[in-house]
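Engineer: Below is the file my_file-v3.cif, which contains mmCIF, C-alpha atoms.
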```cif
data_run
loop_
_atom_site.label_atom_id
_atom_site.label_comp_id
_atom_site.auth_asym_id
_atom_site.auth_seq_id
_atom_site.Cartn_x
_atom_site.Cartn_y
_atom_site.Cartn_z
CA MET A 1 170.98 -149.24 139.70
CA ARG A 2 172.20 -147.54 142.83
CA ILE A 3 174.72 -148.50 145.52
CA GLY A 4 174.54 -147.55 149.19
CA HIS A 5 177.12 -148.03 151.92
CA SER A 6 177.09 -147.56 155.68
CA THR A 7 179.37 -147.99 158.66
CA ASP A 8 178.15 -148.00 162.26
CA ILE A 9 179.79 -148.45 165.62
CA HIS A 10 178.24 -149.04 169.05
CA ARG A 11 179.78 -149.19 172.51
CA LEU A 12 179.71 -152.57 174.24
CA GLU A 13 178.81 -152.64 177.93
CA PRO A 14 177.73 -155.24 180.48
CA GLY A 15 174.00 -155.38 181.13
CA ASN A 16 172.93 -154.75 177.52
CA LYS A 17 171.66 -157.30 175.01
CA LEU A 18 173.87 -158.25 172.09
CA ILE A 19 171.63 -158.39 169.04
CA ILE A 20 173.27 -158.73 165.63
CA GLY A 21 171.25 -159.14 162.44
CA GLY A 22 168.13 -159.79 164.49
CA VAL A 23 169.80 -162.64 166.39
CA ILE A 24 170.17 -162.51 170.17
CA ILE A 25 173.68 -163.61 171.09
CA HIS A 26 174.36 -164.59 174.67
CA HIS A 27 177.41 -162.70 175.90
CA TYR A 28 178.32 -160.67 178.95
CA LEU A 29 178.71 -157.53 176.81
CA GLY A 30 175.91 -155.98 174.81
CA SER A 31 175.49 -153.16 172.36
CA VAL A 32 174.49 -149.69 173.59
CA GLY A 33 171.94 -147.90 171.42
CA HIS A 34 168.78 -145.82 171.48
CA SER A 35 166.91 -148.65 169.74
CA ASP A 36 167.72 -152.30 170.41
CA GLY A 37 171.35 -151.55 169.46
CA ASP A 38 171.48 -153.94 166.48
CA CYS A 39 174.51 -152.43 164.78
CA LEU A 40 174.25 -154.73 161.74
CA LEU A 41 170.62 -153.91 160.97
CA HIS A 42 171.47 -150.23 161.40
CA THR A 43 173.97 -150.44 158.54
CA VAL A 44 171.49 -152.46 156.49
CA CYS A 45 168.98 -149.61 156.95
CA GLU A 46 171.43 -146.83 156.36
CA SER A 47 172.96 -148.41 153.26
CA LEU A 48 169.45 -148.50 151.76
CA ILE A 49 168.83 -144.92 152.86
CA GLY A 50 172.11 -143.91 151.25
CA ALA A 51 171.36 -145.71 147.99
CA LEU A 52 168.18 -143.66 147.70
CA ALA A 53 169.81 -140.40 148.87
CA LEU A 54 167.37 -140.04 151.77
CA GLY A 55 169.91 -138.82 154.33
CA ASP A 56 170.96 -141.03 157.21
CA LEU A 57 169.48 -143.24 159.90
CA GLY A 58 169.26 -140.39 162.42
CA LYS A 59 167.29 -138.24 160.00
CA LEU A 60 164.57 -140.85 159.57
CA PHE A 61 164.70 -142.29 163.10
CA PRO A 62 166.12 -139.64 165.45
CA ASP A 63 167.69 -140.86 168.69
CA THR A 64 165.95 -137.95 170.44
CA SER A 65 162.55 -139.53 169.76
CA GLU A 66 160.93 -141.65 172.45
CA GLU A 67 159.05 -143.41 169.66
CA TYR A 68 162.24 -145.27 168.73
CA ARG A 69 163.63 -145.96 172.22
CA GLY A 70 164.21 -149.70 172.49
CA ILE A 71 162.50 -150.41 169.15
CA SER A 72 163.44 -153.54 167.24
CA SER A 73 165.80 -152.62 164.42
CA SER A 74 163.88 -155.09 162.25
CA LEU A 75 160.99 -152.63 162.34
CA LEU A 76 163.32 -149.87 161.16
CA VAL A 77 164.42 -152.02 158.20
CA LYS A 78 160.77 -152.71 157.35
CA ALA A 79 160.01 -148.97 157.43
CA VAL A 80 162.95 -148.27 155.11
CA MET A 81 161.82 -151.04 152.75
CA ILE A 82 158.45 -149.30 152.43
CA GLU A 83 160.37 -146.26 151.13
CA VAL A 84 162.48 -148.43 148.81
CA LYS A 85 159.35 -149.85 147.22
CA ARG A 86 157.53 -146.49 147.19
CA MET A 87 160.43 -145.04 145.19
CA GLY A 88 160.17 -147.93 142.71
CA TYR A 89 163.26 -149.93 143.71
CA LYS A 90 164.05 -153.43 144.85
CA VAL A 91 167.12 -154.84 146.56
CA VAL A 92 169.48 -156.85 144.36
CA ASN A 93 171.99 -157.93 147.00
CA ILE A 94 173.74 -156.84 150.20
CA ASP A 95 177.20 -157.51 151.60
CA SER A 96 177.91 -156.89 155.28
CA THR A 97 180.81 -157.29 157.68
CA VAL A 98 180.69 -157.44 161.47
CA PHE A 99 183.83 -156.41 163.36
CA LEU A 100 183.71 -157.98 166.83
CA GLU A 101 186.48 -159.47 168.93
CA GLU A 102 184.23 -161.97 170.69
CA PRO A 103 182.15 -164.06 170.69
CA LYS A 104 182.78 -165.88 167.42
CA LEU A 105 179.78 -165.46 165.14
CA SER A 106 180.12 -168.28 162.60
CA ASN A 107 177.28 -170.33 164.14
CA TYR A 108 174.94 -167.30 164.09
CA ILE A 109 175.60 -166.09 160.55
CA PRO A 110 173.10 -168.40 158.77
CA GLU A 111 170.26 -167.06 160.92
CA MET A 112 171.43 -163.46 160.40
CA ARG A 113 171.44 -163.99 156.63
CA LYS A 114 167.95 -165.52 156.76
CA ASN A 115 166.59 -162.61 158.83
CA ILE A 116 168.10 -160.00 156.53
CA ALA A 117 166.86 -161.80 153.42
CA GLU A 118 163.32 -161.85 154.79
CA LEU A 119 163.47 -158.16 155.75
CA LEU A 120 164.81 -157.15 152.32
CA GLU A 121 162.46 -159.53 150.49
CA ILE A 122 165.28 -161.26 148.62
CA GLU A 123 166.72 -164.77 148.48
CA VAL A 124 169.22 -165.71 151.17
CA ASP A 125 171.91 -166.32 148.54
CA ARG A 126 171.82 -162.57 147.86
CA VAL A 127 172.80 -161.79 151.46
CA SER A 128 176.41 -161.96 152.59
CA VAL A 129 177.37 -161.57 156.24
CA LYS A 130 180.99 -161.92 157.23
CA ALA A 131 182.56 -161.61 160.67
CA THR A 132 186.09 -160.66 161.63
CA THR A 133 188.06 -159.53 164.64
CA SER A 134 190.48 -156.65 164.77
CA GLU A 135 193.27 -158.80 166.21
CA LYS A 136 193.07 -157.08 169.61
CA VAL A 137 193.74 -153.66 168.00
CA GLY A 138 191.70 -150.54 168.73
CA ILE A 139 188.31 -150.19 170.37
CA VAL A 140 186.94 -153.31 168.68
CA GLY A 141 190.02 -155.30 169.68
CA ARG A 142 189.73 -154.12 173.29
CA MET A 143 186.05 -155.20 173.23
CA GLU A 144 184.85 -151.65 173.80
CA ALA A 145 182.77 -151.59 170.60
CA ILE A 146 181.16 -153.49 167.76
CA MET A 147 181.41 -152.09 164.24
CA THR A 148 179.53 -153.11 161.11
CA GLU A 149 179.57 -152.18 157.45
CA SER A 150 177.01 -152.88 154.74
CA THR A 151 176.94 -152.24 151.01
CA VAL A 152 173.69 -152.69 149.12
CA LEU A 153 172.74 -152.68 145.46
CA VAL A 154 169.22 -151.62 144.47
CA GLU A 155 167.65 -151.44 141.04
CA LYS A 156 164.64 -149.68 139.56
CA ILE A 157 161.69 -152.03 139.15
#
```
Could you render the structure as structure tokens?

Structural biologist:
Amino acid sequence: MRIGHSTDIHRLEPGNKLIIGGVIIHHYLGSVGHSDGDCLLHTVCESLIGALALGDLGKLFPDTSEEYRGISSSLLVKAVMIEVKRMGYKVVNIDSTVFLEEPKLSNYIPEMRKNIAELLEIEVDRVSVKATTSEKVGIVGRMEAIMTESTVLVEKI
């Protein structure tokens, strides 16, 4: 068994989409990123990459590449899952946290969990997504950024 962990942070700015865990969330601020800016799926990817000691997200999907500009982060997770399987592993479970001052995410979390479960080819009860604020402290609290963390467990098939 192997464990991988990742933390990511993206600026929030007006005029960008806010996509978290593959779910479009209507809000006046959106995440800035080279891809679609889905901070949660980025940590899902990178935690898997870390568990397999393959480097980091930027190594596999460089933000200097036009190929990945605006790409759906779901496609990045699918590409990483091909590597997971090629190396003879499967995902056991994943635990993620979203740090965002607003909007509240509780109504969106079931769909995020479902999306992640499908991407990782596991049951939804093996996917945890939690959301919290930073109580108006720091860049998350001032609504300048979204931050996510994910920890994944993989096992040899």

Engineer: If you take only C-alpha atoms and a cut-off of 10 Å, which residues of stretch 123-146 of chain A touch stretch 17-34 of chain A, and what are their nearest atom pairs and distances in Å to one decimal, in chain and number order, as JSON lines?

Structural biologist:
```
{"residue": "A:Val129", "atom": "CA", "partner": "A:Gly21", "partner_atom": "CA", "distance": 9.0}
{"residue": "A:Met143", "atom": "CA", "partner": "A:Leu29", "partner_atom": "CA", "distance": 8.5}
{"residue": "A:Glu144", "atom": "CA", "partner": "A:Leu29", "partner_atom": "CA", "distance": 9.0}
{"residue": "A:Ala145", "atom": "CA", "partner": "A:Ser31", "partner_atom": "CA", "distance": 7.7}
{"residue": "A:Ile146", "atom": "CA", "partner": "A:Ser31", "partner_atom": "CA", "distance": 7.3}
```

Engineer: Go ahead and dump the residues you just picked, C-alpha atoms, as a PDB file, in the frame of the given file.

Structural biologist:
```
ATOM      1  CA  VAL A 129     177.370-161.570 156.240  1.00  0.00           C
ATOM      2  CA  MET A 143     186.050-155.200 173.230  1.00  0.00           C
ATOM      3  CA  GLU A 144     184.850-151.650 173.800  1.00  0.00           C
ATOM      4  CA  ALA A 145     182.770-151.590 170.600  1.00  0.00           C
ATOM      5  CA  ILE A 146     181.160-153.490 167.760  1.00  0.00           C
TER       6      ILE A 146
END
```

Engineer: Excluding same-chain residues fewer than 4 positions from A:Thr43, what lies within 6 Å of it counting all atoms listed in the file, as a PyMOL selection string?

Structural biologist: chain A and resi 6-7+47+149-150

Engineer: Taking 5 positions as the minimum chain separation for residues in the same chain, which residues sit within 7 Å of stretch 55-59 of chain A when counting all atoms listed in the file? Answer as a PDB file with C-alpha atoms, keeping the file's coordinate frame.

Structural biologist:
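Wrote part_11.pdb, looks like this:
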```pdb
ATOM      1  CA  GLU A  46     171.430-146.830 156.360  1.00  0.00           C
ATOM      2  CA  ILE A  49     168.830-144.920 152.860  1.00  0.00           C
ATOM      3  CA  GLY A  50     172.110-143.910 151.250  1.00  0.00           C
TER       4      GLY A  50
END
```

Engineer: Let me know the residues the PyMOL selection byres ((chain A and resi 142) around 12) catches in the file above, as a ChimeraX atom specification.

Structural biologist: /A:11-13,99-102,133-141,143-146

Engineer: Taking all atoms listed in the file into account, which of A:Ser106, A:Ser74, A:Asn93, A:Thr148 comes nearest A:Val124?

Structural biologist: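 Among A:Ser106, A:Ser74, A:Asn93, A:Thr148, it is A:Asn93 that comes nearest to A:Val124.
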
Engineer: Closest to A:Arg86 among A:His10, A:Lys156, A:His5, A:Arg69, using only C-alpha atoms?

Structural biologist: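 Looking only at the distances to A:Arg86, the closest residue turns out to be A:Lys156.
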
Engineer: Go ahead and fit an axis-aligned box to every listed atom of stretch 98-116 of chain A plus 4 Å each side, and pass me the centre and edge lengths in Å, one decimal, as JSON.

Structural biologist:
```
{"center_x": 176.5, "center_y": -163.4, "center_z": 163.6, "size_x": 27.9, "size_y": 21.9, "size_z": 22.2}
```

Engineer: Between A:Thr151, A:Ser128, A:Ser72, A:Ser35, single out the one closest to A:Glu111, counting all atoms listed in the file.

Structural biologist: A:Ser128

Engineer: Got a sec to resolve the PyMOL selection byres ((chain A and resi 119-122) around 8) on this structure and send the residues as a list in words?

Structural biologist: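 The output of the PyMOL selection byres ((chain A and resi 119-122) around 8) on this file is Ser74, Val77, Lys78, Met81, Val91, Val92, Asn93, Asn115, Ile116, Ala117, Glu118, Glu123, Val124 and Arg126 of chain A.
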
Engineer: Do you have the atom CA of A:Lys114-atom CA of A:Pro14 distance handy?

Structural biologist: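 The value is 27.6 Å.
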
Engineer: Go through A:Val127, A:Leu105, A:Met147, A:Val84 and flag the residue nearest A:Leu52, using all atoms listed in the file for the distances.

Structural biologist: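 The answer is A:Val84, which sits nearest to A:Leu52.
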
Engineer: Can you complete the atoms of stretch 14-38 of chain A to N, CA and C atoms and list them as a JSON list (two decimals), in the coordinates of the input?

Structural biologist:
```json
[["chain", "number", "residue", "atom", "x", "y", "z"],
["A", 14, "PRO", "N", 178.47, -154.20, 179.77],
["A", 14, "PRO", "CA", 177.73, -155.24, 180.48],
["A", 14, "PRO", "C", 176.30, -154.77, 180.75],
["A", 15, "GLY", "N", 175.38, -155.71, 180.79],
["A", 15, "GLY", "CA", 174.00, -155.38, 181.13],
["A", 15, "GLY", "C", 173.13, -155.04, 179.93],
["A", 16, "ASN", "N", 173.70, -155.00, 178.74],
["A", 16, "ASN", "CA", 172.93, -154.75, 177.52],
["A", 16, "ASN", "C", 172.84, -156.04, 176.72],
["A", 17, "LYS", "N", 171.79, -156.14, 175.89],
["A", 17, "LYS", "CA", 171.66, -157.30, 175.01],
["A", 17, "LYS", "C", 172.59, -157.12, 173.82],
["A", 18, "LEU", "N", 173.09, -158.24, 173.32],
["A", 18, "LEU", "CA", 173.87, -158.25, 172.09],
["A", 18, "LEU", "C", 172.99, -158.85, 171.01],
["A", 19, "ILE", "N", 172.48, -157.97, 170.14],
["A", 19, "ILE", "CA", 171.63, -158.39, 169.04],
["A", 19, "ILE", "C", 172.34, -158.00, 167.75],
["A", 20, "ILE", "N", 172.57, -158.98, 166.89],
["A", 20, "ILE", "CA", 173.27, -158.73, 165.63],
["A", 20, "ILE", "C", 172.47, -159.39, 164.51],
["A", 21, "GLY", "N", 172.03, -158.60, 163.55],
["A", 21, "GLY", "CA", 171.25, -159.14, 162.44],
["A", 21, "GLY", "C", 169.95, -159.76, 162.88],
["A", 22, "GLY", "N", 169.38, -159.25, 163.97],
["A", 22, "GLY", "CA", 168.13, -159.79, 164.49],
["A", 22, "GLY", "C", 168.29, -161.04, 165.33],
["A", 23, "VAL", "N", 169.53, -161.43, 165.61],
["A", 23, "VAL", "CA", 169.80, -162.64, 166.39],
["A", 23, "VAL", "C", 170.32, -162.24, 167.77],
["A", 24, "ILE", "N", 169.69, -162.77, 168.81],
["A", 24, "ILE", "CA", 170.17, -162.51, 170.17],
["A", 24, "ILE", "C", 171.34, -163.44, 170.44],
["A", 25, "ILE", "N", 172.45, -162.85, 170.83],
["A", 25, "ILE", "CA", 173.68, -163.61, 171.09],
["A", 25, "ILE", "C", 174.01, -163.48, 172.57],
["A", 26, "HIS", "N", 174.11, -164.61, 173.23],
["A", 26, "HIS", "CA", 174.36, -164.59, 174.67],
["A", 26, "HIS", "C", 175.83, -164.29, 174.93],
["A", 27, "HIS", "N", 176.06, -163.14, 175.58],
["A", 27, "HIS", "CA", 177.41, -162.70, 175.90],
["A", 27, "HIS", "C", 177.31, -161.72, 177.04],
["A", 28, "TYR", "N", 178.36, -161.56, 177.79],
["A", 28, "TYR", "CA", 178.32, -160.67, 178.95],
["A", 28, "TYR", "C", 178.36, -159.20, 178.56],
["A", 29, "LEU", "N", 178.73, -158.89, 177.31],
["A", 29, "LEU", "CA", 178.71, -157.53, 176.81],
["A", 29, "LEU", "C", 177.60, -157.39, 175.77],
["A", 30, "GLY", "N", 176.95, -156.25, 175.79],
["A", 30, "GLY", "CA", 175.91, -155.98, 174.81],
["A", 30, "GLY", "C", 176.09, -154.62, 174.20],
["A", 31, "SER", "N", 175.38, -154.38, 173.14],
["A", 31, "SER", "CA", 175.49, -153.16, 172.36],
["A", 31, "SER", "C", 174.63, -152.05, 172.96],
["A", 32, "VAL", "N", 175.20, -150.85, 173.07],
["A", 32, "VAL", "CA", 174.49, -149.69, 173.59],
["A", 32, "VAL", "C", 173.89, -148.94, 172.40],
["A", 33, "GLY", "N", 172.60, -148.65, 172.49],
["A", 33, "GLY", "CA", 171.94, -147.90, 171.42],
["A", 33, "GLY", "C", 170.61, -147.37, 171.87],
["A", 34, "HIS", "N", 170.09, -146.39, 171.15],
["A", 34, "HIS", "CA", 168.78, -145.82, 171.48],
["A", 34, "HIS", "C", 167.68, -146.84, 171.18],
["A", 35, "SER", "N", 167.86, -147.58, 170.07],
["A", 35, "SER", "CA", 166.91, -148.65, 169.74],
["A", 35, "SER", "C", 167.38, -149.91, 170.46],
["A", 36, "ASP", "N", 167.24, -151.06, 169.81],
["A", 36, "ASP", "CA", 167.72, -152.30, 170.41],
["A", 36, "ASP", "C", 169.23, -152.48, 170.27],
["A", 37, "GLY", "N", 169.90, -151.52, 169.58],
["A", 37, "GLY", "CA", 171.35, -151.55, 169.46],
["A", 37, "GLY", "C", 171.89, -152.53, 168.42],
["A", 38, "ASP", "N", 171.04, -152.99, 167.50],
["A", 38, "ASP", "CA", 171.48, -153.94, 166.48],
["A", 38, "ASP", "C", 172.30, -153.21, 165.42]]
```
